[in-house]
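Source file: structure-v2.cif (mmCIF, C-alpha atoms)
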```
data_start
#
loop_
_atom_site.label_atom_id
_atom_site.label_comp_id
_atom_site.auth_asym_id
_atom_site.auth_seq_id
_atom_site.Cartn_x
_atom_site.Cartn_y
_atom_site.Cartn_z
CA MET A 1 -81.06 144.42 2.34
CA GLU A 2 -84.53 143.22 1.43
CA PRO A 3 -84.84 139.47 0.81
CA SER A 4 -85.79 140.01 -2.83
CA GLN A 5 -82.82 142.35 -3.34
CA LEU A 6 -80.53 139.86 -1.64
CA ARG A 7 -81.74 137.04 -3.88
CA ALA A 8 -81.19 139.21 -6.94
CA ALA A 9 -77.69 140.22 -5.80
CA ILE A 10 -76.75 136.59 -5.09
CA ALA A 11 -78.11 135.42 -8.44
CA SER A 12 -76.24 138.20 -10.23
CA ALA A 13 -73.01 137.43 -8.37
CA LYS A 14 -73.37 133.72 -9.07
CA ALA A 15 -73.63 134.57 -12.76
CA GLY A 16 -70.26 136.29 -12.43
CA SER A 17 -71.48 139.89 -12.37
CA ALA A 18 -69.30 142.38 -10.47
CA THR A 19 -72.41 144.42 -9.68
CA GLY A 20 -73.86 141.51 -7.73
CA TYR A 21 -70.71 141.20 -5.62
CA GLU A 22 -70.59 144.94 -5.07
CA GLY A 23 -74.16 144.82 -3.79
CA LEU A 24 -73.18 142.09 -1.30
CA LEU A 25 -70.11 144.05 -0.16
CA LYS A 26 -72.21 147.15 0.35
CA ALA A 27 -74.82 145.23 2.32
CA TYR A 28 -72.52 143.14 4.52
CA GLY A 29 -69.22 145.02 4.48
CA PRO A 30 -69.89 147.18 7.56
CA ARG A 31 -71.09 144.25 9.68
CA LEU A 32 -68.26 142.01 8.55
CA TYR A 33 -65.74 144.72 9.29
CA GLY A 34 -67.28 145.28 12.73
CA TYR A 35 -67.10 141.57 13.45
CA PHE A 36 -63.45 141.30 12.38
CA TYR A 37 -62.55 144.45 14.27
CA ARG A 38 -64.12 143.35 17.53
CA ALA A 39 -62.81 139.81 17.16
CA THR A 40 -59.18 140.74 16.46
CA GLY A 41 -59.05 144.16 18.12
CA ARG A 42 -57.11 145.65 15.21
CA HIS A 43 -58.08 147.80 12.23
CA HIS A 44 -55.27 146.35 10.15
CA ASP A 45 -56.49 142.77 10.63
CA ALA A 46 -60.12 143.78 10.16
CA GLU A 47 -59.30 145.42 6.83
CA ASP A 48 -57.27 142.47 5.63
CA LEU A 49 -59.91 139.98 6.73
CA LEU A 50 -62.64 141.94 4.98
CA GLY A 51 -60.73 141.63 1.72
CA GLU A 52 -60.10 137.96 2.43
CA VAL A 53 -63.74 137.16 3.11
CA MET A 54 -64.80 138.88 -0.12
CA LEU A 55 -62.28 136.75 -2.03
CA ARG A 56 -63.72 133.64 -0.41
CA LEU A 57 -67.19 134.82 -1.29
CA VAL A 58 -66.25 135.05 -4.97
CA ARG A 59 -64.63 131.61 -4.88
CA GLU A 60 -67.28 129.82 -2.87
CA LEU A 61 -70.58 131.45 -3.74
CA LYS A 62 -71.33 128.66 -6.21
CA SER A 63 -71.49 126.23 -3.29
CA TYR A 64 -74.06 128.36 -1.45
CA ASP A 65 -77.44 126.66 -1.40
CA ASP A 66 -80.18 129.23 -2.00
CA ARG A 67 -82.54 127.39 0.33
CA GLY A 68 -80.44 128.31 3.39
CA ARG A 69 -79.98 131.70 4.99
CA PHE A 70 -77.16 133.69 3.44
CA GLU A 71 -75.94 135.55 6.54
CA PRO A 72 -75.02 132.49 8.62
CA TRP A 73 -73.30 131.00 5.58
CA LEU A 74 -71.25 134.17 5.09
CA PHE A 75 -70.45 134.64 8.77
CA ARG A 76 -69.44 131.01 9.08
CA ILE A 77 -66.71 131.75 6.51
CA ALA A 78 -65.85 134.91 8.46
CA ALA A 79 -65.66 132.99 11.76
CA ASN A 80 -63.31 130.43 10.23
CA LEU A 81 -61.07 133.21 8.92
CA VAL A 82 -60.95 134.81 12.38
CA ARG A 83 -60.14 131.47 14.00
CA ASP A 84 -57.28 130.88 11.56
CA ARG A 85 -55.98 134.43 11.98
CA ILE A 86 -55.98 134.25 15.77
CA ARG A 87 -54.26 130.87 15.67
CA ARG A 88 -51.59 132.31 13.39
CA MET A 89 -51.17 135.40 15.57
CA ARG A 90 -50.57 133.18 18.60
CA THR A 91 -47.93 131.08 16.91
CA ASN A 92 -46.37 133.89 14.87
CA PRO A 93 -47.05 137.39 16.23
CA PRO A 94 -46.90 140.01 13.45
CA PRO A 95 -44.18 142.69 13.54
CA VAL A 96 -45.36 146.15 14.55
CA SER A 97 -45.12 148.70 11.76
CA ILE A 98 -43.70 152.12 12.55
CA SER A 99 -45.26 153.60 9.43
CA GLU A 100 -48.38 155.65 9.96
CA ASP A 101 -50.54 153.74 7.50
CA GLY A 102 -49.32 150.39 8.81
CA ARG A 103 -48.86 148.93 5.33
CA ASP A 104 -46.28 146.42 6.52
CA GLY A 105 -48.25 145.25 9.55
CA PRO A 106 -50.36 146.60 12.37
CA GLY A 107 -49.27 150.10 13.37
CA LEU A 108 -48.32 151.31 16.85
CA SER A 109 -51.62 153.16 17.07
CA ASP A 110 -53.65 150.15 15.91
CA GLY A 111 -54.39 148.84 19.35
CA LEU A 112 -55.66 152.21 20.44
CA ALA A 113 -57.64 152.73 17.27
CA ALA A 114 -59.31 149.36 17.80
CA GLN A 115 -60.99 150.74 20.85
CA GLU A 116 -62.66 153.58 19.03
CA PRO A 117 -66.41 153.23 18.53
CA ALA A 118 -68.31 154.38 15.48
CA ALA A 119 -67.20 157.79 14.30
CA GLY A 120 -69.25 160.72 15.48
CA THR A 121 -70.79 159.03 18.50
CA GLY A 122 -69.18 161.40 20.95
CA LEU A 123 -66.71 161.29 23.79
CA LEU A 124 -68.89 159.29 26.18
CA ALA A 125 -69.49 156.65 23.57
CA ALA A 126 -65.75 156.58 22.82
CA GLU A 127 -65.08 155.98 26.49
CA ALA A 128 -67.70 153.24 26.59
CA GLY A 129 -66.12 151.70 23.50
CA VAL A 130 -62.77 151.53 25.24
CA GLU A 131 -64.35 149.86 28.25
CA LEU A 132 -66.25 147.45 26.04
CA ALA A 133 -63.11 146.42 24.16
CA ALA A 134 -61.30 145.77 27.44
CA ALA A 135 -64.27 143.84 28.82
CA LEU A 136 -64.54 141.76 25.65
CA GLU A 137 -60.88 140.84 25.99
CA ARG A 138 -61.58 139.38 29.41
CA LEU A 139 -64.36 137.07 28.21
CA GLU A 140 -63.74 133.44 27.41
CA PRO A 141 -62.93 133.47 23.62
CA ARG A 142 -65.75 131.17 22.54
CA THR A 143 -68.32 133.19 24.48
CA ARG A 144 -66.96 136.40 22.97
CA HIS A 145 -67.30 135.00 19.44
CA MET A 146 -70.82 133.77 20.10
CA ILE A 147 -71.87 137.25 21.25
CA LEU A 148 -70.22 138.83 18.21
CA LEU A 149 -71.84 136.37 15.80
CA ARG A 150 -75.24 137.02 17.38
CA HIS A 151 -74.82 140.74 16.92
CA PHE A 152 -72.96 141.11 13.62
CA GLY A 153 -74.02 137.91 11.88
CA HIS A 154 -77.63 137.97 13.11
CA MET A 155 -77.19 134.27 13.70
CA SER A 156 -79.78 132.24 15.56
CA PHE A 157 -78.83 130.16 18.60
CA ARG A 158 -79.33 127.02 16.52
CA GLU A 159 -76.93 128.27 13.83
CA ILE A 160 -74.28 129.12 16.42
CA ALA A 161 -74.79 125.73 18.08
CA ASP A 162 -74.23 124.04 14.72
CA LEU A 163 -71.12 126.13 14.06
CA TYR A 164 -69.52 125.30 17.40
CA HIS A 165 -70.90 121.74 17.61
CA CYS A 166 -72.39 122.30 21.04
CA PRO A 167 -75.89 121.92 22.54
CA LEU A 168 -78.44 124.65 21.94
CA GLY A 169 -78.95 125.34 25.64
CA THR A 170 -75.20 125.75 26.17
CA VAL A 171 -75.03 128.53 23.56
CA LEU A 172 -77.82 130.46 25.22
CA ALA A 173 -76.29 130.02 28.68
CA LYS A 174 -72.87 131.20 27.44
CA VAL A 175 -74.26 134.23 25.60
CA HIS A 176 -76.43 135.26 28.54
CA ARG A 177 -73.64 134.92 31.09
CA GLY A 178 -71.20 136.63 28.72
CA LEU A 179 -73.47 139.63 28.26
CA ARG A 180 -74.01 139.94 32.01
CA SER A 181 -70.24 139.69 32.57
CA LEU A 182 -69.67 142.45 30.02
CA ARG A 183 -72.05 144.78 31.84
CA ARG A 184 -70.48 143.92 35.15
CA LEU A 185 -66.90 144.39 33.85
CA MET A 186 -67.81 147.72 32.31
CA GLY A 187 -69.46 148.76 35.56
CA GLU A 188 -66.31 147.76 37.48
CA GLN A 189 -64.18 149.83 35.15
CA ASN A 190 -66.50 152.80 35.66
CA GLY A 191 -66.27 152.34 39.41
CA THR A 192 -62.47 152.27 39.44
CA GLN A 193 -62.12 155.49 37.46
CA MET B 194 -82.86 135.50 47.86
CA SER B 195 -81.03 134.82 44.57
CA LYS B 196 -82.83 133.68 41.44
CA MET B 197 -82.64 130.00 40.50
CA GLU B 198 -80.36 129.36 37.50
CA PRO B 199 -82.33 127.68 34.67
CA ASN B 200 -81.40 124.10 33.85
CA LYS B 201 -80.21 122.79 30.49
CA GLN B 202 -83.72 121.98 29.23
CA GLN B 203 -84.98 125.41 30.18
CA PHE B 204 -82.06 127.11 28.38
CA GLU B 205 -82.82 125.04 25.31
CA ARG B 206 -86.51 125.97 25.42
CA ILE B 207 -85.67 129.67 25.76
CA ALA B 208 -83.18 129.44 22.87
CA ARG B 209 -85.83 127.87 20.65
CA TRP B 210 -88.30 130.57 21.61
CA LEU B 211 -85.75 133.28 20.83
CA ASP B 212 -85.07 131.58 17.47
CA GLY B 213 -88.72 132.08 16.64
CA GLN B 214 -90.17 128.68 17.39
CA ALA B 215 -93.57 128.31 19.02
CA VAL B 216 -92.55 127.28 22.52
CA ALA B 217 -94.54 127.95 25.72
CA LEU B 218 -92.31 129.58 28.33
CA SER B 219 -92.85 129.84 32.07
CA GLY B 220 -92.73 133.24 33.76
CA SER B 221 -89.08 132.92 34.83
CA GLU B 222 -88.05 131.63 31.39
CA GLN B 223 -89.84 134.53 29.76
CA ALA B 224 -88.03 136.95 32.11
CA LEU B 225 -84.64 135.48 31.21
CA ALA B 226 -85.41 135.71 27.50
CA GLU B 227 -86.37 139.36 27.86
CA ASP B 228 -83.29 140.08 29.95
CA LEU B 229 -81.10 138.58 27.24
CA LEU B 230 -82.75 140.65 24.50
CA ARG B 231 -82.29 143.80 26.60
CA LEU B 232 -78.61 143.05 27.23
CA GLU B 233 -78.04 142.29 23.54
CA ALA B 234 -79.62 145.58 22.51
CA ARG B 235 -77.61 147.64 25.02
CA THR B 236 -74.31 145.95 24.16
CA GLY B 237 -74.97 146.04 20.42
CA VAL B 238 -75.04 149.82 20.36
CA LEU B 239 -71.49 149.85 21.71
CA LEU B 240 -70.21 147.04 19.50
CA ASP B 241 -70.97 148.77 16.21
CA VAL B 242 -68.07 150.41 14.40
CA SER B 243 -67.98 152.38 11.17
CA LEU B 244 -66.31 150.88 8.13
CA PRO B 245 -63.36 153.09 7.10
CA PRO B 246 -63.60 154.07 3.40
CA GLN B 247 -60.08 152.83 2.66
CA ALA B 248 -60.94 149.38 4.07
CA LEU B 249 -64.05 149.25 1.86
CA ALA B 250 -62.04 150.37 -1.18
CA ALA B 251 -59.31 147.79 -0.53
CA ALA B 252 -61.85 144.97 -0.15
CA ARG B 253 -63.64 146.11 -3.30
CA ARG B 254 -60.37 146.14 -5.25
CA ARG B 255 -59.43 142.62 -4.18
CA MET B 256 -62.92 141.34 -4.87
CA LEU B 257 -63.15 142.84 -8.36
CA ALA B 258 -59.68 141.60 -9.26
CA GLU B 259 -60.81 138.09 -8.36
CA VAL B 260 -64.06 138.43 -10.32
CA SER B 261 -62.26 139.63 -13.47
CA GLY B 262 -59.55 136.99 -13.01
CA ARG B 263 -62.18 134.27 -12.91
CA ARG B 264 -63.87 135.70 -15.97
CA ARG B 265 -60.57 135.72 -17.85
CA ARG B 266 -59.86 132.14 -16.84
CA ALA B 267 -63.33 131.09 -17.97
CA LEU B 268 -62.83 132.79 -21.33
CA ARG B 269 -59.44 131.14 -21.75
CA TRP B 270 -60.95 127.73 -21.04
CA GLY B 271 -63.82 128.40 -23.42
CA GLY B 272 -61.39 129.49 -26.13
CA ALA B 273 -59.28 126.37 -25.64
CA MET B 274 -62.36 124.15 -25.88
CA VAL B 275 -63.54 125.86 -29.08
CA ALA B 276 -60.05 125.56 -30.58
CA ALA B 277 -59.88 121.86 -29.70
CA ALA B 278 -63.31 121.21 -31.18
CA ALA B 279 -62.34 123.09 -34.35
CA ALA B 280 -59.12 121.07 -34.65
CA VAL B 281 -61.04 117.77 -34.35
CA LEU B 282 -63.53 118.84 -37.02
CA LEU B 283 -60.73 120.02 -39.31
CA LEU B 284 -58.88 116.71 -38.98
CA ALA B 285 -62.05 114.77 -39.70
CA PHE B 286 -62.63 116.66 -42.93
CA LEU B 287 -59.01 116.58 -44.11
CA GLN B 288 -58.59 112.77 -44.02
CA PRO B 289 -56.86 111.84 -47.38
CA SER B 290 -58.41 108.39 -48.09
CA ASP B 291 -61.36 108.03 -50.43
CA ARG B 292 -62.78 105.66 -47.88
CA MET B 293 -62.75 108.54 -45.38
CA ASP B 294 -65.42 110.57 -47.05
CA GLY B 295 -67.60 109.96 -44.08
CA GLY B 296 -65.09 111.60 -41.72
CA ILE B 297 -65.52 110.10 -38.26
CA GLY B 298 -67.99 107.63 -39.79
CA ALA B 299 -65.13 106.03 -41.75
CA ALA B 300 -63.90 104.19 -38.69
CA PRO B 301 -66.29 101.21 -39.18
CA LEU B 302 -65.02 100.82 -42.76
CA LEU B 303 -61.45 100.51 -41.51
CA LEU B 304 -62.59 97.87 -39.06
CA ALA B 305 -64.34 96.02 -41.87
CA ASP B 306 -61.08 96.03 -43.93
CA VAL B 307 -59.20 94.47 -41.09
CA SER B 308 -61.81 91.80 -40.51
CA GLU B 309 -61.86 90.92 -44.26
CA SER B 310 -58.07 90.56 -44.63
CA PRO B 311 -56.58 87.04 -45.21
CA GLY B 312 -55.78 84.88 -42.27
CA PRO B 313 -52.44 83.02 -41.65
CA SER B 314 -53.32 79.93 -43.78
CA GLU B 315 -54.21 82.09 -46.77
CA ILE B 316 -50.94 83.99 -46.42
CA ASP B 317 -49.03 80.64 -46.39
CA ALA B 318 -50.75 79.53 -49.62
CA LEU B 319 -49.88 82.81 -51.33
CA ASP B 320 -46.31 82.47 -50.15
CA LYS B 321 -46.00 79.00 -51.66
CA GLU B 322 -47.47 80.21 -54.93
CA ILE B 323 -44.83 82.95 -55.11
CA GLU B 324 -42.05 80.43 -54.43
CA ASP B 325 -43.29 78.19 -57.31
CA LEU B 326 -43.32 81.12 -59.71
CA GLU B 327 -39.77 82.06 -58.71
CA ALA B 328 -38.57 78.48 -59.28
CA GLN B 329 -40.13 78.42 -62.75
CA LEU B 330 -38.42 81.67 -63.61
CA ILE B 331 -34.99 80.39 -62.58
CA THR B 332 -35.44 77.14 -64.57
CA SER B 333 -36.44 79.05 -67.69
CA THR B 334 -33.19 81.13 -67.71
CA LEU B 335 -30.81 78.04 -67.74
CA PRO B 336 -29.54 76.91 -71.27
CA GLY B 337 -31.39 73.98 -72.83
CA PRO B 338 -29.60 70.87 -74.52
CA GLN B 339 -29.65 72.39 -78.03
CA GLU B 340 -28.19 75.64 -76.77
CA VAL B 341 -25.31 73.66 -75.16
CA LEU B 342 -24.42 72.04 -78.59
CA LEU B 343 -24.50 75.30 -80.49
CA GLU B 344 -22.19 77.13 -78.12
CA PRO B 345 -18.74 76.15 -79.68
CA VAL B 346 -19.98 76.87 -83.27
CA LEU B 347 -21.09 80.30 -82.24
CA GLN B 348 -17.73 80.99 -80.58
CA ASP B 349 -15.82 79.93 -83.79
CA SER B 350 -17.90 82.14 -86.05
CA ASP B 351 -17.32 85.16 -83.82
CA ALA B 352 -13.48 84.82 -83.66
CA PRO B 353 -12.36 85.93 -87.26
CA TRP B 354 -14.53 88.88 -87.08
CA MET B 355 -12.88 89.91 -83.97
CA ASP B 356 -9.33 89.40 -85.45
CA GLU B 357 -10.09 91.47 -88.58
CA LEU B 358 -11.41 94.13 -86.59
CA ASP B 359 -8.31 94.20 -84.46
CA VAL B 360 -6.01 94.38 -87.58
CA ASP B 361 -7.95 97.15 -89.18
CA LEU B 362 -7.86 99.12 -86.09
CA GLU B 363 -4.16 98.66 -85.65
CA GLY B 364 -3.49 99.48 -89.36
#
```
As structure tokens - that is how I would like this structure written.
Amino acid sequence: MEPSQLRAAIASAKAGSATGYEGLLKAYGPRLYGYFYRATGRHHDAEDLLGEVMLRLVRELKSYDDRGRFEPWLFRIAANLVRDRIRRMRTNPPPVSISEDGRDGPGLSDGLAAQEPAAGTGLLAAEAGVELAAALERLEPRTRHMILLRHFGHMSFREIADLYHCPLGTVLAKVHRGLRSLRRLMGEQNGTQ
Amino acid sequence: MSKMEPNKQQFERIARWLDGQAVALSGSEQALAEDLLRLEARTGVLLDVSLPPQALAAARRRMLAEVSGRRRRALRWGGAMVAAAAAVLLLAFLQPSDRMDGGIGAAPLLLADVSESPGPSEIDALDKEIEDLEAQLITSTLPGPQEVLLEPVLQDSDAPWMDELDVDLEG
């Protein structure tokens, strides 16, 4: 979304217009979904969290200061939702739904579906997606989230450092090592097959 | 020979450069920055996922429900405020007293009435005056000396009349 379009959509949404919010959902929905999906590993959670973050957006947009960048503000909310969800999943694991649509919780096929890459990218990409999901799982959680926020949230190193209250250099070191580990882990998985 | 790992200051400098700040990097720092950008690009292609239409529709539904809910709440609040303001205005105009013609402006007049009312000493004086008047009234209803002398004569003159009357009635 162009900066002028984004400003217009935010202003419209702040005024209470549904069109403004729809514009923001259209612009950021795919990236937010991707972030939630890679962070939780489940379609069901990603879908629920996307709805949740849009609710938060409606409730909290008034507090957004137009002078700051919108994406980090939005993905900060998203990151907090993921943190809370993961914490809850650890203390209270959700029941597995046997229904196909998984309305009453994550379905049996959800874990497998989580490893699918973008539709229509072919079998090789699907295989790489599976390897990537497994490799991501093996990263230290904070490093994984930093990599995901860099990619999906387009966040700068400074913004991530502020979010995690850690030094700027530490963020870069973690992201760089994490990315190298991912490539290595994926290479290992290729070698074992 | 393995490459030297950058120190904390070097990582910070590279991060600032990658964030778009004007920072001069050494050759090795530049190489690390480029390596990171390359790794991010290669990994990013694999990270992307498509947004399922039903997930988009569900998020849209929840979002619009919240937007319309907020609008309804705002309208309800606005309506309540207008109703309250109308009630205050109505009360101000319907005050019965002739001193209340000024509506809300009548309040200073009421205060003036209170400040002009008699104090305790004035009330005591009025009270005494009322007591004196009552005493005079009681004294004036008691029979005087002449009325005391006339009383038996009046009783005698009334008696025959009463007897005749009794006879006639009995006859």
Residues of chain A within 8 Å of chain B, counting only C-alpha atoms, what are they? List them as a VMD selection string. chain A and resid 16 to 18 21 to 22 25 29 to 31 33 to 34 38 47 to 48 50 to 52 54 to 55 58 116 to 119 125 128 to 129 132 151 156 to 158 168 to 170 172 to 173 176 179 to 180
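Straight-line separation from atom CA of Ala27 of chain A to atom CA of Met1 of chain A: 6.3 Å.
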So what does the PyMOL selection byres ((chain A and resi 79) around 10) actually pick up in this one, as a PyMOL selection string? chain A and resi 32+35-36+39+53+72+74-78+80-85+145-146+148-149+153+163
Quick one: pull the distance between atom CA of Arg266 of chain B and atom CA of Ala15 of chain A, Å, one decimal. 14.6 Å
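From atom CA of Gly20 of chain A back to atom CA of Tyr64 of chain A, the distance works out to 14.6 Å.
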Please give the centre and size of the box around segment 218-221 of chain B (axis-aligned, containing every atom listed in the file, 6 Å added per side), with values in Å to one decimal and written as lines of an AutoDock Vina configuration file.
```
center_x = -91.0
center_y = 131.4
center_z = 31.6
size_x = 15.8
size_y = 15.7
size_z = 18.5
```
